[in-house]
Amino acid sequence: MTAGDTVGTALAATAARLAAAGLAEPRADAEVLVAHVLGTDRTGLVVRAREPVPAGRAEQLERLVQRRLAREPVFQVIGRREFWSLEVTVDRRVLSPRPESELLVDTVLALAPDARRILDCGTGSGALAAALARELPRAEIVASDRSADALAVAAANSSRLAPRVRLVRADWLTAFRAGTFDVVVANPPYVARTALARLAPEIRDFEPRDALDGGPDGLAAIRGLLATATRVLRGRGWLVMELGAGQGAAARELAGRAPWVWSEVRLDAAGIDRVLVARRGEEGSGDG
């Protein structure tokens with residue numbers, strides 16, 4: 001973008017540069033960057049397409065484009081990402097929330113609308129906790145993470161989006177008493193360690209490894225949560241957990257052991273295994 005460009009020509013030129021660099025979604029990324037610099041949204045880009053670019057904005061856009069060309073994720077470049085209609089702050093300390101993770105929120109709302117206490121375990125940016133707090137105003141929402149850096153991001157987001165979320169530094173479920181929660185929701189690391197090097201640079205080089213690395217088979221954290229979540233759940237409580245592609249069968253097999261009495265895998269909009277739902281049985285319960 002140079003002085004004298006219109007918004008439309010600046011957008012086209014930015015998209016062309018990103019495409020030439022081999023980025024997967026050059027037009028969408030260009031729209032995000034240009035809209036951010038101009039303080040508008042994608043609809044505003046259409047409305048303002050014939051307007052000249054304001055003075056000083058060309059240099060700002062160039063700095064952001066250079067970061068994107070270095071494969072920094074576009075949402076880290078602008079410092080925020082929308083999740084559940086909330087504007088969530090993100091940076092290199094946390095995973096950027098993905099649209100497919102909204103299925104976790106949908107699932108909790110469908111299964112446990114009257115839940116009194118919910119734990120977002122491994123909260124990262126705090127996006128899930130904030131969304132649940134917005135939708136379930138009578139529930140107590142606790143968000144935990146073992147990373148102090150992640151909790152700092154979650155604290156900034158919760159203070160702005162959902163101030164009543166309580167943050168706890170904890171290594172998974174070890175800090176919580178037995179029979180504490182009606183629902184545990186989690187988006188654990190689930191990438192097999194051998195696959196980390198094959199991830200897109202935007203993920204591999206810019207998102208925290210401990211939020212990605214699911215151990216040798218990608219199931220380490222999933223296995224651990226299924227083995228320990230029944231302790232902190234009360235009654236016939238729910239575990240709602242994100243999965244990686246192709247992990248549904250293995251996760252259901254793990255959830256087929258007592259005291260889990262029922263489980264299913266829900267698919268995302270692309271038809272990919274995305275969410276495992278498992279229900280705890282009451283003491284002595286033998287069926288679902």
# chains A, B, ... in the order shown; residues from 1 in each chain; ligands from 1
>>> select_by_dssp(residues="stretch 142-246 of chain A", states="strand (DSSP E)", output="list of chain:residue names")
A:Val142, A:Ala143, A:Ser144, A:Asp145, A:Arg166, A:Leu167, A:Val168, A:Arg169, A:Phe181, A:Asp182, A:Val183, A:Val184, A:Val185, A:Ala186, A:Leu233, A:Arg234, A:Gly235, A:Arg236, A:Gly237, A:Trp238, A:Leu239, A:Val240, A:Met241, A:Glu242
>>> write_last_selection(atoms="N, CA, C and O atoms", output="short mmCIF file (atom, residue, chain, number, x, y, z; two decimals), in the first residue's frame")
data_model
loop_
_atom_site.label_atom_id
_atom_site.label_comp_id
_atom_site.auth_asym_id
_atom_site.auth_seq_id
_atom_site.Cartn_x
_atom_site.Cartn_y
_atom_site.Cartn_z
N VAL A 142 -14.57 -21.72 36.54
CA VAL A 142 -13.17 -21.72 36.96
C VAL A 142 -12.32 -22.04 35.75
O VAL A 142 -12.66 -22.94 34.96
N ALA A 143 -11.22 -21.33 35.57
CA ALA A 143 -10.32 -21.56 34.44
C ALA A 143 -8.92 -21.81 34.99
O ALA A 143 -8.40 -21.02 35.77
N SER A 144 -8.31 -22.92 34.58
CA SER A 144 -6.99 -23.27 35.11
C SER A 144 -5.99 -23.46 33.99
O SER A 144 -6.35 -23.81 32.86
N ASP A 145 -4.74 -23.25 34.31
CA ASP A 145 -3.64 -23.54 33.40
C ASP A 145 -2.37 -23.66 34.23
O ASP A 145 -2.23 -23.00 35.26
N ARG A 166 -12.99 -17.30 37.59
CA ARG A 166 -11.93 -17.42 38.60
C ARG A 166 -10.76 -18.20 37.99
O ARG A 166 -10.95 -19.31 37.47
N LEU A 167 -9.58 -17.63 38.05
CA LEU A 167 -8.39 -18.24 37.46
C LEU A 167 -7.56 -18.94 38.53
O LEU A 167 -7.37 -18.40 39.63
N VAL A 168 -7.07 -20.13 38.17
CA VAL A 168 -6.27 -20.93 39.10
C VAL A 168 -5.07 -21.48 38.35
O VAL A 168 -5.23 -22.05 37.26
N ARG A 169 -3.90 -21.33 38.93
CA ARG A 169 -2.74 -21.98 38.33
C ARG A 169 -2.68 -23.42 38.84
O ARG A 169 -2.60 -23.66 40.05
N PHE A 181 -16.95 -30.33 40.47
CA PHE A 181 -17.51 -29.73 39.26
C PHE A 181 -18.61 -30.59 38.64
O PHE A 181 -18.58 -31.82 38.72
N ASP A 182 -19.53 -29.92 37.99
CA ASP A 182 -20.55 -30.60 37.20
C ASP A 182 -20.05 -30.90 35.78
O ASP A 182 -20.48 -31.86 35.15
N VAL A 183 -19.15 -30.05 35.29
CA VAL A 183 -18.60 -30.21 33.94
C VAL A 183 -17.12 -29.85 33.97
O VAL A 183 -16.73 -28.84 34.59
N VAL A 184 -16.32 -30.66 33.33
CA VAL A 184 -14.94 -30.31 33.00
C VAL A 184 -14.86 -30.21 31.49
O VAL A 184 -15.22 -31.16 30.78
N VAL A 185 -14.43 -29.06 30.99
CA VAL A 185 -14.27 -28.86 29.56
C VAL A 185 -12.79 -28.60 29.29
O VAL A 185 -12.11 -27.94 30.10
N ALA A 186 -12.26 -29.14 28.20
CA ALA A 186 -10.83 -29.02 27.95
C ALA A 186 -10.53 -29.08 26.46
O ALA A 186 -11.19 -29.80 25.72
N LEU A 233 -15.30 -34.60 39.24
CA LEU A 233 -16.71 -34.45 38.87
C LEU A 233 -17.60 -34.99 39.98
O LEU A 233 -17.22 -35.89 40.71
N ARG A 234 -18.79 -34.42 40.06
CA ARG A 234 -19.74 -34.93 41.04
C ARG A 234 -20.93 -35.55 40.32
O ARG A 234 -21.28 -35.18 39.19
N GLY A 235 -21.57 -36.50 41.02
CA GLY A 235 -22.73 -37.15 40.44
C GLY A 235 -22.46 -37.70 39.06
O GLY A 235 -21.42 -38.30 38.81
N ARG A 236 -23.39 -37.46 38.16
CA ARG A 236 -23.24 -37.91 36.78
C ARG A 236 -22.73 -36.75 35.93
O ARG A 236 -23.36 -36.32 34.96
N GLY A 237 -21.56 -36.25 36.33
CA GLY A 237 -20.97 -35.10 35.67
C GLY A 237 -20.40 -35.43 34.30
O GLY A 237 -20.24 -36.59 33.92
N TRP A 238 -20.08 -34.35 33.56
CA TRP A 238 -19.67 -34.46 32.16
C TRP A 238 -18.21 -34.04 31.96
O TRP A 238 -17.77 -33.04 32.52
N LEU A 239 -17.51 -34.78 31.12
CA LEU A 239 -16.24 -34.34 30.55
C LEU A 239 -16.49 -34.04 29.07
O LEU A 239 -17.00 -34.90 28.34
N VAL A 240 -16.15 -32.83 28.65
CA VAL A 240 -16.33 -32.40 27.26
C VAL A 240 -14.96 -31.95 26.77
O VAL A 240 -14.42 -30.96 27.25
N MET A 241 -14.40 -32.68 25.81
CA MET A 241 -13.00 -32.51 25.48
C MET A 241 -12.77 -32.50 23.97
O MET A 241 -13.33 -33.33 23.24
N GLU A 242 -11.96 -31.56 23.51
CA GLU A 242 -11.64 -31.50 22.09
C GLU A 242 -10.67 -32.61 21.71
O GLU A 242 -9.79 -33.00 22.49
#
>>> residues_around(residues="stretch 261-278 of chain A", least_positions_apart="6", cutoff="8 Å", atoms="only C-alpha atoms", output="ChimeraX atom specification")
/A:100,103-104,238-248,251-252,255,285-288
>>> closest_atom_pairs(of="stretch 155-266 of chain A", to="stretch 131-135 of chain A", cutoff="8 Å", atoms="only C-alpha atoms", output="JSON lines")
{"residue": "A:Ala162", "atom": "CA", "partner": "A:Ala133", "partner_atom": "CA", "distance": 6.3}
{"residue": "A:Arg164", "atom": "CA", "partner": "A:Ala133", "partner_atom": "CA", "distance": 7.6}
{"residue": "A:Val165", "atom": "CA", "partner": "A:Ala133", "partner_atom": "CA", "distance": 6.9}
>>> residues_around(residues="stretch 34-50 of chain A", least_positions_apart="3", cutoff="8 Å", atoms="only C-alpha atoms", output="list of chain:residue names")
A:Thr6, A:Val7, A:Gly8, A:Thr9, A:Ala10, A:Leu11, A:Ala30, A:Glu31, A:Arg57, A:Gln60, A:Leu61, A:Ile78
>>> closest_residue(among="A:Glu62, A:Asp5, A:Asp120, A:Glu82", to="A:Ala229", atoms="only C-alpha atoms")
A:Asp120
>>> select_by_dssp(residues="stretch 176-208 of chain A", states="alpha helix (DSSP H)", output="list in words")
Pro201, Glu202, Ile203 and Arg204 of chain A
>>> write_last_selection(atoms="N, CA, C and O atoms", output="mmCIF file, in the first residue's frame")
data_model
loop_
_atom_site.group_PDB
_atom_site.id
_atom_site.type_symbol
_atom_site.label_atom_id
_atom_site.label_comp_id
_atom_site.auth_asym_id
_atom_site.auth_seq_id
_atom_site.Cartn_x
_atom_site.Cartn_y
_atom_site.Cartn_z
ATOM 1 N N PRO A 201 4.059 -23.614 9.505
ATOM 2 C CA PRO A 201 4.940 -22.737 10.298
ATOM 3 C C PRO A 201 4.178 -21.826 11.243
ATOM 4 O O PRO A 201 4.665 -21.515 12.332
ATOM 5 N N GLU A 202 2.991 -21.386 10.842
ATOM 6 C CA GLU A 202 2.192 -20.520 11.706
ATOM 7 C C GLU A 202 1.897 -21.174 13.048
ATOM 8 O O GLU A 202 1.804 -20.484 14.075
ATOM 9 N N ILE A 203 1.738 -22.484 13.051
ATOM 10 C CA ILE A 203 1.464 -23.212 14.290
ATOM 11 C C ILE A 203 2.771 -23.659 14.934
ATOM 12 O O ILE A 203 3.028 -23.398 16.111
ATOM 13 N N ARG A 204 3.614 -24.311 14.155
ATOM 14 C CA ARG A 204 4.847 -24.905 14.675
ATOM 15 C C ARG A 204 5.776 -23.881 15.310
ATOM 16 O O ARG A 204 6.381 -24.129 16.360
#
>>> residues_around(residues="stretch 149-159 of chain A", least_positions_apart="2", cutoff="6 Å", atoms="only C-alpha atoms", output="VMD selection string")
chain A and resid 93 to 94 124 to 126 147 161 to 163
>>> closest_residue(among="A:Thr123, A:Val105, A:Leu95, A:Leu226", to="A:Leu212", atoms="only C-alpha atoms")
A:Leu95
>>> decode(residues="stretch 86-104 of chain A", atoms="N, CA and C atoms", output="PDB file, in the first residue's frame")
ATOM      1  N   LEU A  86     -16.887 -12.965  20.714  1.00  0.00           N
ATOM      2  CA  LEU A  86     -16.075 -12.212  21.667  1.00  0.00           C
ATOM      3  C   LEU A  86     -14.725 -11.915  21.021  1.00  0.00           C
ATOM      4  N   GLU A  87     -14.185 -10.738  21.269  1.00  0.00           N
ATOM      5  CA  GLU A  87     -12.880 -10.371  20.731  1.00  0.00           C
ATOM      6  C   GLU A  87     -11.807 -10.762  21.744  1.00  0.00           C
ATOM      7  N   VAL A  88     -11.114 -11.864  21.456  1.00  0.00           N
ATOM      8  CA  VAL A  88     -10.160 -12.455  22.385  1.00  0.00           C
ATOM      9  C   VAL A  88      -8.741 -12.000  22.030  1.00  0.00           C
ATOM     10  N   THR A  89      -8.025 -11.478  23.012  1.00  0.00           N
ATOM     11  CA  THR A  89      -6.628 -11.098  22.814  1.00  0.00           C
ATOM     12  C   THR A  89      -5.768 -12.356  22.720  1.00  0.00           C
ATOM     13  N   VAL A  90      -4.854 -12.391  21.732  1.00  0.00           N
ATOM     14  CA  VAL A  90      -3.963 -13.542  21.565  1.00  0.00           C
ATOM     15  C   VAL A  90      -2.553 -13.058  21.259  1.00  0.00           C
ATOM     16  N   ASP A  91      -1.579 -13.878  21.651  1.00  0.00           N
ATOM     17  CA  ASP A  91      -0.191 -13.645  21.283  1.00  0.00           C
ATOM     18  C   ASP A  91       0.538 -14.977  21.341  1.00  0.00           C
ATOM     19  N   ARG A  92       1.858 -14.950  21.321  1.00  0.00           N
ATOM     20  CA  ARG A  92       2.636 -16.192  21.225  1.00  0.00           C
ATOM     21  C   ARG A  92       2.570 -17.039  22.491  1.00  0.00           C
ATOM     22  N   ARG A  93       1.995 -16.526  23.557  1.00  0.00           N
ATOM     23  CA  ARG A  93       1.925 -17.295  24.803  1.00  0.00           C
ATOM     24  C   ARG A  93       0.784 -18.308  24.817  1.00  0.00           C
ATOM     25  N   VAL A  94      -0.138 -18.208  23.868  1.00  0.00           N
ATOM     26  CA  VAL A  94      -1.320 -19.080  23.890  1.00  0.00           C
ATOM     27  C   VAL A  94      -1.682 -19.510  22.477  1.00  0.00           C
ATOM     28  N   LEU A  95      -2.427 -20.601  22.382  1.00  0.00           N
ATOM     29  CA  LEU A  95      -3.045 -20.964  21.112  1.00  0.00           C
ATOM     30  C   LEU A  95      -4.121 -19.942  20.774  1.00  0.00           C
ATOM     31  N   SER A  96      -4.220 -19.589  19.512  1.00  0.00           N
ATOM     32  CA  SER A  96      -5.349 -18.771  19.080  1.00  0.00           C
ATOM     33  C   SER A  96      -6.586 -19.661  19.018  1.00  0.00           C
ATOM     34  N   PRO A  97      -7.704 -19.232  19.602  1.00  0.00           N
ATOM     35  CA  PRO A  97      -8.907 -20.077  19.554  1.00  0.00           C
ATOM     36  C   PRO A  97      -9.391 -20.265  18.119  1.00  0.00           C
ATOM     37  N   ARG A  98      -9.805 -21.495  17.812  1.00  0.00           N
ATOM     38  CA  ARG A  98     -10.266 -21.835  16.466  1.00  0.00           C
ATOM     39  C   ARG A  98     -11.783 -21.902  16.421  1.00  0.00           C
ATOM     40  N   PRO A  99     -12.359 -21.606  15.274  1.00  0.00           N
ATOM     41  CA  PRO A  99     -13.826 -21.686  15.168  1.00  0.00           C
ATOM     42  C   PRO A  99     -14.381 -23.055  15.530  1.00  0.00           C
ATOM     43  N   GLU A 100     -13.650 -24.128  15.185  1.00  0.00           N
ATOM     44  CA  GLU A 100     -14.170 -25.463  15.473  1.00  0.00           C
ATOM     45  C   GLU A 100     -14.286 -25.729  16.973  1.00  0.00           C
ATOM     46  N   SER A 101     -13.509 -24.997  17.782  1.00  0.00           N
ATOM     47  CA  SER A 101     -13.594 -25.183  19.232  1.00  0.00           C
ATOM     48  C   SER A 101     -14.889 -24.630  19.813  1.00  0.00           C
ATOM     49  N   GLU A 102     -15.632 -23.850  19.030  1.00  0.00           N
ATOM     50  CA  GLU A 102     -16.933 -23.386  19.510  1.00  0.00           C
ATOM     51  C   GLU A 102     -17.888 -24.552  19.739  1.00  0.00           C
ATOM     52  N   LEU A 103     -17.610 -25.713  19.109  1.00  0.00           N
ATOM     53  CA  LEU A 103     -18.432 -26.893  19.349  1.00  0.00           C
ATOM     54  C   LEU A 103     -18.367 -27.323  20.816  1.00  0.00           C
ATOM     55  N   LEU A 104     -17.265 -27.055  21.499  1.00  0.00           N
ATOM     56  CA  LEU A 104     -17.186 -27.345  22.931  1.00  0.00           C
ATOM     57  C   LEU A 104     -18.237 -26.551  23.701  1.00  0.00           C
TER      58      LEU A 104
END
